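Engineer: Below is the file model.txt, with compact mmCIF, C-alpha atoms.
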# COMPACT_ATOMS: atom_id res chain seq x y z
CA MET C 1 180.52 16.97 -124.75
CA SER C 2 181.57 20.53 -124.39
CA VAL C 3 184.64 22.30 -123.18
CA ILE C 4 183.91 24.03 -119.88
CA PRO C 5 183.54 27.78 -120.22
CA LEU C 6 186.50 29.68 -118.84
CA PRO C 7 185.83 32.75 -116.73
CA LEU C 8 189.20 32.14 -115.11
CA PHE C 9 191.10 35.07 -116.50
CA SER C 10 188.59 37.69 -115.45
CA MET C 11 188.47 36.57 -111.84
CA ARG C 12 187.90 38.92 -108.99
CA PRO C 13 190.57 38.65 -106.31
CA LEU C 14 189.53 35.92 -103.89
CA LEU C 15 190.04 37.98 -100.77
CA ALA C 16 188.37 41.13 -101.99
CA THR C 17 184.80 40.03 -101.39
CA SER C 18 182.67 43.11 -101.65
CA PRO C 19 179.71 44.01 -99.45
CA ARG C 20 176.49 42.47 -100.66
CA ASN C 21 174.75 45.58 -101.79
CA VAL C 22 177.64 47.32 -103.46
CA LYS C 23 176.67 48.02 -107.02
CA ARG C 24 179.19 47.96 -109.79
CA PRO C 25 180.49 51.24 -111.17
CA GLY C 26 178.06 52.48 -113.75
CA ASP C 27 175.00 51.30 -111.86
CA GLN C 28 174.42 54.94 -110.93
CA ILE C 29 173.76 54.01 -107.35
CA GLN C 30 175.86 55.32 -104.52
CA VAL C 31 178.76 52.96 -103.94
CA ILE C 32 179.36 52.22 -100.28
CA PRO C 33 183.09 51.89 -99.86
CA ALA C 34 184.05 48.59 -98.29
CA ASP C 35 185.77 49.08 -94.97
CA ALA C 36 188.89 46.96 -95.16
CA THR C 37 188.51 45.64 -91.62
CA GLU C 38 184.91 44.66 -92.19
CA VAL C 39 185.75 42.91 -95.43
CA ALA C 40 188.61 41.04 -93.77
CA PHE C 41 186.42 40.13 -90.81
CA ARG C 42 183.71 38.72 -93.01
CA SER C 43 186.22 36.53 -94.84
CA GLY C 44 186.34 34.39 -91.68
CA SER C 45 190.12 34.10 -91.73
CA GLU C 46 192.31 34.39 -88.66
CA ASN C 47 193.74 37.55 -90.17
CA GLY C 48 190.26 38.97 -90.57
CA LEU C 49 189.48 38.39 -86.91
CA ALA C 50 192.88 39.85 -85.99
CA ALA C 51 192.03 42.98 -87.99
CA ALA C 52 188.72 43.32 -86.14
CA PHE C 53 190.47 42.83 -82.80
CA THR C 54 193.13 45.41 -83.64
CA ALA C 55 190.53 47.95 -84.71
CA HIS C 56 187.92 47.40 -82.01
CA GLY C 57 189.54 45.36 -79.22
CA SER C 58 190.10 48.39 -77.01
CA LEU C 59 186.52 49.65 -77.44
CA ILE C 60 185.09 46.25 -76.50
CA HIS C 61 187.52 45.78 -73.63
CA THR C 62 186.77 49.26 -72.31
CA LEU C 63 183.06 48.44 -72.24
CA CYS C 64 183.70 45.10 -70.54
CA ALA C 65 186.21 46.51 -68.05
CA ARG C 66 183.86 49.30 -66.99
CA ALA C 67 180.73 47.13 -66.88
CA HIS C 68 182.24 44.02 -65.29
CA PRO C 69 185.82 44.69 -64.18
CA SER C 70 186.57 41.25 -62.73
CA ALA C 71 185.53 39.29 -65.83
CA ALA C 72 186.52 41.83 -68.49
CA ALA C 73 189.29 39.82 -70.15
CA ASP C 74 187.15 36.69 -70.36
CA ILE C 75 184.16 38.57 -71.75
CA THR C 76 186.26 40.41 -74.36
CA GLN C 77 187.62 37.04 -75.44
CA GLU C 78 184.11 35.57 -75.68
CA VAL C 79 182.88 38.53 -77.70
CA PHE C 80 185.44 38.09 -80.45
CA LEU C 81 185.00 34.34 -80.65
CA ALA C 82 181.21 34.71 -80.74
CA ALA C 83 181.58 37.40 -83.40
CA TRP C 84 183.71 35.10 -85.52
CA LYS C 85 181.18 32.30 -85.22
CA ALA C 86 178.34 34.67 -86.13
CA ARG C 87 180.27 36.54 -88.83
CA ASP C 88 177.76 35.57 -91.53
CA ARG C 89 175.13 37.52 -89.62
CA PHE C 90 177.15 40.74 -89.68
CA ASP C 91 175.59 42.99 -92.30
CA PRO C 92 177.61 46.17 -93.02
CA ASP C 93 174.45 47.77 -94.45
CA ARG C 94 172.89 47.75 -91.02
CA GLY C 95 175.75 49.47 -89.26
CA PRO C 96 179.44 49.50 -88.51
CA LEU C 97 181.34 46.49 -87.20
CA ALA C 98 182.28 48.34 -83.99
CA ALA C 99 178.61 48.79 -83.09
CA TRP C 100 177.75 45.19 -83.98
CA LEU C 101 180.53 44.00 -81.67
CA VAL C 102 179.24 46.29 -78.91
CA GLY C 103 175.81 44.66 -79.31
CA ILE C 104 177.39 41.23 -78.76
CA ALA C 105 179.42 42.54 -75.81
CA LYS C 106 176.34 43.94 -74.06
CA ASN C 107 174.66 40.53 -74.24
CA LYS C 108 177.78 38.76 -72.99
CA ILE C 109 178.15 41.15 -70.06
CA ILE C 110 174.53 40.68 -69.00
CA ASP C 111 174.84 36.88 -69.52
CA THR C 112 177.91 36.85 -67.28
CA TYR C 113 176.09 38.62 -64.45
CA ARG C 114 173.15 36.25 -64.89
CA LYS C 115 175.39 33.16 -64.75
CA GLU C 116 176.93 34.52 -61.57
CA GLY C 117 173.43 34.92 -60.14
CA ARG C 118 174.02 38.65 -59.79
CA GLN C 119 172.04 41.68 -60.81
CA VAL C 120 173.69 44.04 -63.22
CA PRO C 121 174.86 46.84 -60.89
CA GLN C 122 172.37 49.68 -61.03
CA VAL C 123 174.25 52.47 -59.34
CA SER C 124 177.85 53.23 -58.73
CA ASN C 125 178.00 56.19 -56.37
CA THR C 126 181.68 56.18 -55.73
CA ASP C 127 182.96 55.53 -59.22
CA THR C 128 181.13 57.45 -61.89
CA SER C 129 183.35 55.90 -64.52
CA ARG C 130 181.36 52.70 -64.16
CA LEU C 131 177.63 52.36 -64.59
CA GLU C 132 175.00 54.98 -64.08
CA HIS C 133 171.50 54.65 -62.76
CA PRO C 134 169.10 53.84 -65.56
CA THR C 135 166.00 55.97 -65.82
CA ASP C 136 164.21 54.50 -68.79
CA GLY C 137 164.08 50.76 -68.18
CA ARG C 138 167.15 50.03 -70.27
CA SER C 139 170.09 48.25 -68.73
CA PRO C 140 172.90 50.37 -67.29
CA VAL C 141 175.13 48.43 -69.67
CA ASP C 142 173.12 49.97 -72.52
CA HIS C 143 173.75 53.47 -71.24
CA LEU C 144 177.47 52.93 -70.90
CA ALA C 145 177.60 51.31 -74.34
CA ASP C 146 175.69 54.26 -75.83
CA ARG C 147 178.20 56.76 -74.49
CA LEU C 148 181.16 54.74 -75.76
CA LEU C 149 179.48 54.39 -79.15
CA VAL C 150 179.06 58.17 -79.32
CA THR C 151 182.77 58.64 -78.75
CA GLU C 152 183.52 55.96 -81.33
CA ALA C 153 181.19 57.53 -83.89
CA LEU C 154 182.61 61.03 -83.27
CA ALA C 155 186.07 59.70 -84.01
CA THR C 156 184.91 58.60 -87.47
CA LEU C 157 183.65 62.10 -88.40
CA PRO C 158 185.82 64.40 -90.50
CA ASP C 159 187.52 67.17 -88.50
CA ARG C 160 185.08 70.00 -89.21
CA PRO C 161 181.81 68.22 -88.42
CA ARG C 162 183.43 66.64 -85.37
CA THR C 163 184.52 70.03 -84.08
CA VAL C 164 181.09 71.51 -84.75
CA VAL C 165 179.30 68.67 -82.97
CA GLN C 166 181.64 68.87 -79.99
CA LEU C 167 181.15 72.63 -79.70
CA ALA C 168 177.38 72.17 -79.83
CA PHE C 169 177.14 69.33 -77.32
CA TYR C 170 180.09 69.82 -75.00
CA GLN C 171 180.60 73.59 -75.06
CA ASP C 172 176.83 74.20 -75.22
CA LEU C 173 177.23 76.77 -77.98
CA THR C 174 174.24 77.66 -80.14
CA HIS C 175 174.51 77.13 -83.88
CA GLU C 176 174.93 80.88 -84.31
CA GLN C 177 177.69 81.02 -81.70
CA ILE C 178 179.51 78.14 -83.41
CA ALA C 179 179.29 79.92 -86.77
CA GLU C 180 180.64 83.09 -85.21
CA HIS C 181 183.32 81.31 -83.20
CA THR C 182 184.64 79.19 -86.09
CA ALA C 183 183.82 81.42 -89.09
CA ILE C 184 181.98 78.46 -90.59
CA PRO C 185 178.77 79.55 -92.39
CA LEU C 186 175.63 78.94 -90.33
CA GLY C 187 174.15 76.64 -92.98
CA THR C 188 177.27 74.49 -92.89
CA VAL C 189 177.13 74.34 -89.09
CA LYS C 190 173.54 73.11 -89.25
CA SER C 191 174.29 70.50 -91.91
CA ASP C 192 177.38 69.33 -90.01
CA ILE C 193 175.24 68.79 -86.92
CA ARG C 194 172.66 66.91 -88.97
CA ARG C 195 175.37 64.71 -90.45
CA GLY C 196 176.91 64.21 -87.04
CA LEU C 197 173.61 63.17 -85.50
CA ALA C 198 173.00 60.76 -88.38
CA ARG C 199 176.42 59.15 -87.84
CA LEU C 200 175.82 58.87 -84.09
CA ARG C 201 172.40 57.37 -84.68
CA ARG C 202 173.85 54.77 -87.04
CA TYR C 203 176.23 53.59 -84.33
CA LEU C 204 173.59 53.65 -81.59
CA GLU C 205 171.02 51.77 -83.62
CA ALA C 206 173.39 49.07 -84.84
CA ALA C 207 174.14 48.07 -81.25
CA SER C 208 170.52 48.13 -80.05
CA MET J 1 179.20 55.73 -95.07
CA ASN J 2 175.47 55.45 -95.45
CA ASP J 3 174.02 57.02 -92.32
CA ASN J 4 170.38 56.69 -93.26
CA SER J 5 169.88 52.99 -93.88
CA ARG J 6 166.70 52.53 -91.83
CA ASP J 7 163.27 53.64 -92.94
CA TYR J 8 162.51 55.11 -89.53
CA PRO J 9 164.95 55.74 -86.72
CA LEU J 10 165.00 53.89 -83.41
CA PHE J 11 166.49 57.03 -81.89
CA SER J 12 165.05 60.48 -82.59
CA ASP J 13 167.43 63.39 -83.14
CA ASP J 14 166.56 64.54 -79.62
CA ALA J 15 167.39 61.14 -78.16
CA VAL J 16 170.70 60.96 -80.01
CA GLU J 17 171.56 64.46 -78.82
CA ARG J 18 170.56 63.61 -75.24
CA ILE J 19 172.83 60.55 -75.27
CA ALA J 20 175.65 62.52 -76.88
CA ARG J 21 175.41 65.21 -74.18
CA LYS J 22 175.79 62.57 -71.45
CA VAL J 23 179.25 61.64 -72.69
CA GLU J 24 181.94 62.53 -70.19
CA PRO J 25 185.58 63.20 -70.99
CA HIS J 26 186.71 59.83 -69.61
CA ASP J 27 184.31 58.07 -72.00
CA PHE J 28 186.86 58.88 -74.69
CA ASP J 29 189.49 56.88 -72.80
CA ARG J 30 190.22 53.33 -73.87
CA ILE J 31 191.41 50.37 -71.81
CA GLU J 32 193.60 48.07 -73.88
CA PRO J 33 192.88 44.35 -73.50
CA PRO J 34 195.72 42.40 -71.85
CA PRO J 35 197.89 40.56 -74.39
CA GLN J 36 196.63 37.13 -73.33
CA VAL J 37 193.14 38.02 -74.53
CA TRP J 38 194.10 37.85 -78.20
CA ASN J 39 196.24 34.74 -77.59
CA ASN J 40 193.24 33.05 -76.01
CA VAL J 41 190.96 34.12 -78.84
CA LEU J 42 193.40 32.63 -81.34
CA ALA J 43 193.68 29.38 -79.38
CA GLU J 44 189.91 29.07 -79.15
CA LEU J 45 189.62 29.89 -82.82
CA GLU J 46 191.88 26.95 -83.62
CA VAL J 47 189.65 24.67 -81.57
CA ALA J 48 186.54 26.10 -83.20
CA LEU J 49 188.07 25.58 -86.64
CA ALA J 50 188.93 22.00 -85.85
CA SER J 51 185.49 21.22 -84.46
CA GLU J 52 183.87 22.91 -87.41
CA GLU J 53 185.98 20.82 -89.70
CA ALA J 54 183.23 18.45 -90.70
CA THR J 55 180.98 21.30 -91.73
CA ALA J 56 183.81 23.57 -92.80
CA ARG J 57 184.76 21.02 -95.38
CA ARG J 58 181.48 21.77 -97.06
CA LYS J 59 182.02 25.46 -96.88
CA SER J 60 183.81 27.69 -99.24
CA THR J 61 187.32 28.86 -98.62
CA ASN J 62 189.10 31.98 -99.64
CA ARG J 63 192.64 30.97 -98.87
CA PHE J 64 193.77 29.31 -101.99
CA MET J 65 195.81 30.04 -105.05
CA SER J 66 197.84 32.80 -106.59
CA PRO J 67 196.88 34.26 -109.97
CA ARG J 68 199.84 32.40 -111.46
CA VAL J 69 198.46 29.07 -110.29
CA LEU J 70 194.99 30.08 -111.40
CA SER J 71 196.24 30.69 -114.91
CA MET J 72 197.80 27.23 -114.84
CA VAL J 73 194.44 25.82 -113.81
CA ALA J 74 192.90 27.67 -116.70
CA ALA J 75 195.44 26.22 -119.11
CA LEU J 76 194.79 22.80 -117.64
CA VAL J 77 191.05 23.23 -118.10
CA VAL J 78 191.61 23.93 -121.78
CA LEU J 79 194.05 21.07 -122.23
CA VAL J 80 191.93 18.54 -120.44
CA GLY J 81 188.81 19.76 -122.16
CA VAL J 82 190.39 19.42 -125.57
CA SER J 83 191.95 16.05 -124.79
CA LEU J 84 188.65 14.80 -123.47
CA ALA J 85 186.94 16.00 -126.61
CA LEU J 86 189.40 13.93 -128.61
CA PHE J 87 189.11 11.04 -126.18
CA ASN J 88 185.36 11.16 -126.49
CA LEU J 89 185.49 10.93 -130.26
CA GLN J 90 187.25 7.60 -129.92
CA GLU J 91 185.10 6.21 -127.10
CA ASP J 92 181.60 5.20 -128.02
CA SER J 93 180.52 3.07 -125.11
CA VAL J 94 180.29 4.43 -121.59
CA PRO J 95 178.31 2.94 -118.70
CA ALA J 96 174.83 4.34 -118.58
CA ASP J 97 175.34 5.92 -115.14
CA GLN J 98 178.68 7.55 -115.83
CA LEU J 99 178.24 11.31 -116.07
CA ALA J 100 181.70 12.77 -116.25
CA PHE J 101 185.35 11.89 -116.39
CA ALA J 102 188.60 13.61 -115.47
CA SER J 103 192.22 12.69 -115.89
CA LEU J 104 194.39 13.97 -113.02
CA THR J 105 198.07 14.87 -113.32
CA ASP J 106 200.57 17.00 -111.44
CA ALA J 107 201.07 19.37 -114.37
CA GLY J 108 201.70 22.88 -113.14
CA LEU J 109 200.98 22.02 -109.52
CA GLN J 110 202.87 22.78 -106.34
CA ILE J 111 203.77 19.20 -105.39
CA PRO J 112 205.29 17.00 -108.10
CA THR J 113 204.41 13.31 -108.33
CA SER J 114 205.05 10.58 -110.83
CA GLU J 115 201.59 9.16 -110.17
CA SER J 116 198.41 10.06 -112.00
CA ALA J 117 194.73 9.35 -111.49
CA GLU J 118 191.36 9.15 -113.12
CA ALA J 119 188.12 10.41 -111.62
CA VAL J 120 184.73 9.22 -112.77
CA LEU J 121 181.50 10.80 -111.62
CA SER J 122 178.60 8.35 -111.58
CA CYS J 123 175.13 8.19 -110.14
CA GLU J 124 173.10 5.23 -108.99
CA GLY J 125 169.63 6.63 -108.62
CA GLN J 126 169.91 9.59 -106.28
CA ASP J 127 173.37 8.64 -105.01
CA CYS J 128 176.23 10.23 -106.87
CA PHE J 129 179.89 9.60 -106.20
CA VAL J 130 183.33 10.28 -107.58
CA GLU J 131 185.40 7.16 -108.15
CA VAL J 132 189.10 7.94 -108.02
CA THR J 133 191.56 5.45 -109.45
CA LEU J 134 195.22 6.21 -108.71
CA THR J 135 198.11 4.55 -110.51
CA ALA J 136 199.50 4.31 -106.97
CA VAL J 137 198.86 6.35 -103.84
CA PRO J 138 201.46 9.13 -103.71
CA SER J 139 203.11 9.89 -100.40
CA ALA J 140 201.71 12.92 -98.60
CA GLY J 141 204.82 13.16 -96.45
CA ALA J 142 205.02 13.18 -92.66
CA ASP J 143 202.05 14.51 -90.66
CA ALA J 144 199.97 15.16 -93.74
CA ASP J 145 197.09 13.61 -95.66
CA LEU J 146 195.90 13.64 -99.22
CA GLU J 147 192.51 15.27 -99.56
CA LEU J 148 190.08 15.20 -102.47
CA TRP J 149 188.32 18.43 -103.48
CA LEU J 150 185.86 19.62 -106.08
CA ILE J 151 186.42 23.24 -107.09
CA ASN J 152 184.19 25.58 -109.07
CA THR J 153 185.16 27.14 -112.37
CA ASP J 154 186.23 30.52 -111.04
CA VAL J 155 188.04 28.88 -108.12
CA SER J 156 186.03 30.88 -105.61
CA ASP J 157 184.38 27.91 -103.92
CA MET J 158 185.24 24.30 -103.17
CA ARG J 159 184.06 21.25 -101.33
CA SER J 160 186.07 18.54 -99.64
CA LEU J 161 185.09 14.98 -100.52
CA GLY J 162 187.38 13.40 -97.95
CA ILE J 163 190.81 12.02 -97.22
CA VAL J 164 192.39 9.84 -99.91
CA THR J 165 194.19 6.75 -98.63
CA GLN J 166 193.57 4.53 -101.63
CA SER J 167 191.62 4.37 -104.85
CA GLY J 168 187.94 4.40 -104.08
CA ARG J 169 184.56 6.06 -104.08
CA PHE J 170 183.79 9.44 -102.58
CA GLU J 171 180.24 10.57 -102.08
CA LEU J 172 179.27 13.72 -103.98
CA PRO J 173 178.19 16.32 -101.39
CA ALA J 174 174.56 17.39 -101.54
CA GLY J 175 173.89 20.29 -103.84
CA VAL J 176 177.16 19.88 -105.75
CA THR J 177 177.12 19.35 -109.50
CA PHE J 178 180.10 18.70 -111.73
CA GLU J 179 178.92 21.48 -114.03
CA GLU J 180 179.39 23.93 -111.15
CA PHE J 181 182.38 22.20 -109.52
CA PRO J 182 184.26 20.55 -112.39
CA ILE J 183 187.83 20.77 -111.06
CA VAL J 184 188.97 17.62 -109.25
CA ASP J 185 191.91 18.34 -106.98
CA ILE J 186 193.99 16.19 -104.67
CA SER J 187 195.97 18.29 -102.21
CA VAL J 188 198.50 17.64 -99.49
CA GLU J 189 196.98 18.79 -96.20
CA PRO J 190 199.24 19.15 -93.16
CA ARG J 191 197.58 17.90 -89.96
CA ASP J 192 197.45 21.43 -88.55
CA GLY J 193 193.77 21.70 -87.67
CA GLU J 194 193.24 24.01 -90.62
CA ALA J 195 190.20 22.79 -92.53
CA THR J 196 190.70 24.93 -95.60
CA HIS J 197 192.67 23.95 -98.67
CA SER J 198 196.40 24.20 -98.05
CA GLY J 199 197.12 25.54 -101.52
CA GLN J 200 199.49 22.59 -102.00
CA SER J 201 197.97 20.51 -104.79
CA MET J 202 199.45 17.32 -106.20
CA LEU J 203 196.97 16.04 -108.78
CA ARG J 204 194.31 17.87 -110.69
CA GLY J 205 191.96 17.45 -113.61
CA VAL J 206 188.66 18.73 -114.89
CA LEU J 207 185.47 16.74 -115.11
CA ALA J 208 183.90 16.72 -118.54
CA GLN J 209 180.64 15.15 -119.52
CA THR J 210 180.94 11.66 -120.97
Mind turning the file's structure into structure tokens?
Structural biologist:
Amino acid sequence: MSVIPLPLFSMRPLLATSPRNVKRPGDQIQVIPADATEVAFRSGSENGLAAAFTAHGSLIHTLCARAHPSAAADITQEVFLAAWKARDRFDPDRGPLAAWLVGIAKNKIIDTYRKEGRQVPQVSNTDTSRLEHPTDGRSPVDHLADRLLVTEALATLPDRPRTVVQLAFYQDLTHEQIAEHTAIPLGTVKSDIRRGLARLRRYLEAAS
Amino acid sequence: MNDNSRDYPLFSDDAVERIARKVEPHDFDRIEPPPQVWNNVLAELEVALASEEATARRKSTNRFMSPRVLSMVAALVVLVGVSLALFNLQEDSVPADQLAFASLTDAGLQIPTSESAEAVLSCEGQDCFVEVTLTAVPSAGADADLELWLINTDVSDMRSLGIVTQSGRFELPAGVTFEEFPIVDISVEPRDGEATHSGQSMLRGVLAQT
């Protein structure tokens, strides 16, 4: 006979489940801050799914609407329900929630075309906002998703690296020209571009 | 954010840059989902929750109690533990298969009742069950049931043992031990399709080894 040990007063808050690999302060390992939406999503509550929908509903619907305009609303709906059912498989260490949802959406879009007995459209000559012609064997849905993920990833960069990356890729400025143009030291320009590419890669890979 | 979580990249720097350069201005535009999309997701979620109920009852839940209630549970754990210690000093003979005992009251809980209950955990071979004996079955109110739960010591996890309509035996779910899940809880559960604990408890006690 023993009285049950009582850890009750030193409880962690029930809703603040932390990502699996987050070490406690003092472990001397980089702490990955828990994204509030991702934490809420993984809790499995209605509110958690609502948070994910609020944060990423427009990204997913944009992908669906451009890839399959007539079924976009239905596919967006399926994506979030499927995501909720598979929430235990979402691992924040492997990439952001937005990219994980895009991965689900790509499959749902292709499934929808398959169920309809249709090929995923390969070319859209008249409307370049839709799908482009694939050149590397990947689905045109993949290419569209990649471009949307780039825009999503850019939006998560701090102002300076985002500006630097945009000048490099969209204004076609050399690193030296960017440094001159912005008065940012050349070394910083180079490291901003490296960081930017790493962020973009993280989004692209998590949806592949 | 950790941007270098893979050992080797799927996309080279060149590939990432090539993709990034293909982005067109309208790729930054977003199309908002129509309002019915979220409404439909919510409706389907309700259905999914209801159909998952059987398995969800075995799963943990996060929606539960406030720190105030938790501290009451803690106090109750101490009280019941101490009273059981005293009780045990007086009781010499227990059935060979009886493992643990709890006395359930409404002390400190959300729903008052004049009833009380005892819970006995026993095993016959491999089959373990919790036998709940109520002084009388309290009313759950309209459109609600009483549900029996086992809760772990830090109140972070729980298992449903089933709906309580009378005194009787409830099978112990596989993998559950009273050492890990010592808190016996009877809650009032509205018939709202929500499988998780309502947070409205009526009777509670803590299993202690006999």
Engineer: Using only C-alpha atoms, which of C:Leu101, C:Ala40, C:Ala198, C:Leu167 sits nearest chain J?
Structural biologist: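 Distance minimum relative to chain J lands on C:Ala198.
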Engineer: May I ask which of the residues C:Leu63, C:Val120, C:Val150, C:Leu186 is the closest one to C:Arg138, counting only C-alpha atoms?
Structural biologist: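 The shortest atom-to-atom distance to C:Arg138 comes from C:Val120.
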Engineer: Out of J:Asp145, J:Thr135, J:Ile186, J:Thr210, which residue has the shortest atom-to-atom distance to J:Leu121 when counting only C-alpha atoms?
Structural biologist: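 Selected residue with least distance to J:Leu121: J:Thr210.
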Engineer: For atom CA of C:Pro140 and atom CA of C:Phe80, quote the distance in Å rounded to one decimal.
Structural biologist: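 These atoms are spaced 21.9 Å apart.
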Engineer: Compile the contact shell of J:Leu109 as a VMD selection string: residues with an atom at most 8 Å away, counting all atoms listed in the file, same-chain residues fewer than 4 positions apart removed.
Structural biologist: chain J and resid 69 200 to 204
Engineer: Would you pick out the contacts of C:Thr76 at 7 Å or less, using only C-alpha atoms, so that residues sharing its chain but fewer than 5 positions from it are not included, and give the list as a short mmCIF file (atom, residue, chain, number, x, y, z; two decimals) with C-alpha atoms, in the frame of the given file?
Structural biologist:
data_model
loop_
_atom_site.label_atom_id
_atom_site.label_comp_id
_atom_site.auth_asym_id
_atom_site.auth_seq_id
_atom_site.Cartn_x
_atom_site.Cartn_y
_atom_site.Cartn_z
CA ILE C 60 185.09 46.25 -76.50
CA HIS C 61 187.52 45.78 -73.63
CA CYS C 64 183.70 45.10 -70.54
#
Engineer: At a cut-off of 12 Å around the point (177.5, 10.4, -102.6) (file coordinates), what residues fall inside when counting all atoms listed in the file? I'd like the answer as a PyMOL selection string.
Structural biologist: chain J and resi 121-131+161-162+169-177
Engineer: Pick out the residues sitting within 9 Å of C:Asp146, and hand them over as a list in words; count only C-alpha atoms, and ignore anything fewer than 5 positions along from it in its own chain.
Structural biologist: Val141, Thr151, Tyr203, Leu204 and Ala207 of chain C; Ile19, Ala20 and Val23 of chain J
Engineer: Would you pick out the contacts of C:Ala83 at 9 Å or less, using all atoms listed in the file, so that residues sharing its chain but fewer than 3 positions from it are not included, and give the list as a short mmCIF file (atom, residue, chain, number, x, y, z; two decimals) with C-alpha atoms, in the frame of the given file?
Structural biologist:
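This went into part-v4.cif:
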data_model
loop_
_atom_site.label_atom_id
_atom_site.label_comp_id
_atom_site.auth_asym_id
_atom_site.auth_seq_id
_atom_site.Cartn_x
_atom_site.Cartn_y
_atom_site.Cartn_z
CA LEU C 49 189.48 38.39 -86.91
CA GLU C 78 184.11 35.57 -75.68
CA VAL C 79 182.88 38.53 -77.70
CA PHE C 80 185.44 38.09 -80.45
CA ALA C 86 178.34 34.67 -86.13
CA ARG C 87 180.27 36.54 -88.83
CA ARG C 89 175.13 37.52 -89.62
CA PHE C 90 177.15 40.74 -89.68
CA TRP C 100 177.75 45.19 -83.98
CA LEU C 101 180.53 44.00 -81.67
CA ILE C 104 177.39 41.23 -78.76
#
Engineer: For J:Leu150, list every protein, DNA or RNA residue within 9 Å, evaluated using all atoms listed in the file, and leave out those in the same chain fewer than 2 positions away; present the list as a list in words.
Structural biologist: Leu148, Asn152, Asp157, Met158, Arg159, Ser160, Leu161, Val176, Phe178, Phe181, Pro182, Ile183, Val184, Asp185 and Ile186 of chain J
Engineer: Find, counting all atoms listed in the file, the residue in J:Ser103, J:Gln98, J:Glu17, J:Gly141 that gets nearest to chain C.
Structural biologist: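 Among the listed residues, the smallest separation from chain C belongs to J:Glu17.
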Engineer: Which one of J:Arg18, J:Leu45, J:Asp13, J:Val188 sits closest to C:Asn47 if you count all atoms listed in the file?
Structural biologist: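 Of the candidates, the smallest distance to C:Asn47 is held by J:Leu45.
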Engineer: What's the separation between atom CA of C:Ala145 and atom CA of C:Ala105, in Å to one decimal place?
Structural biologist: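 Separation of atom CA of C:Ala145 and atom CA of C:Ala105: 9.1 Å.
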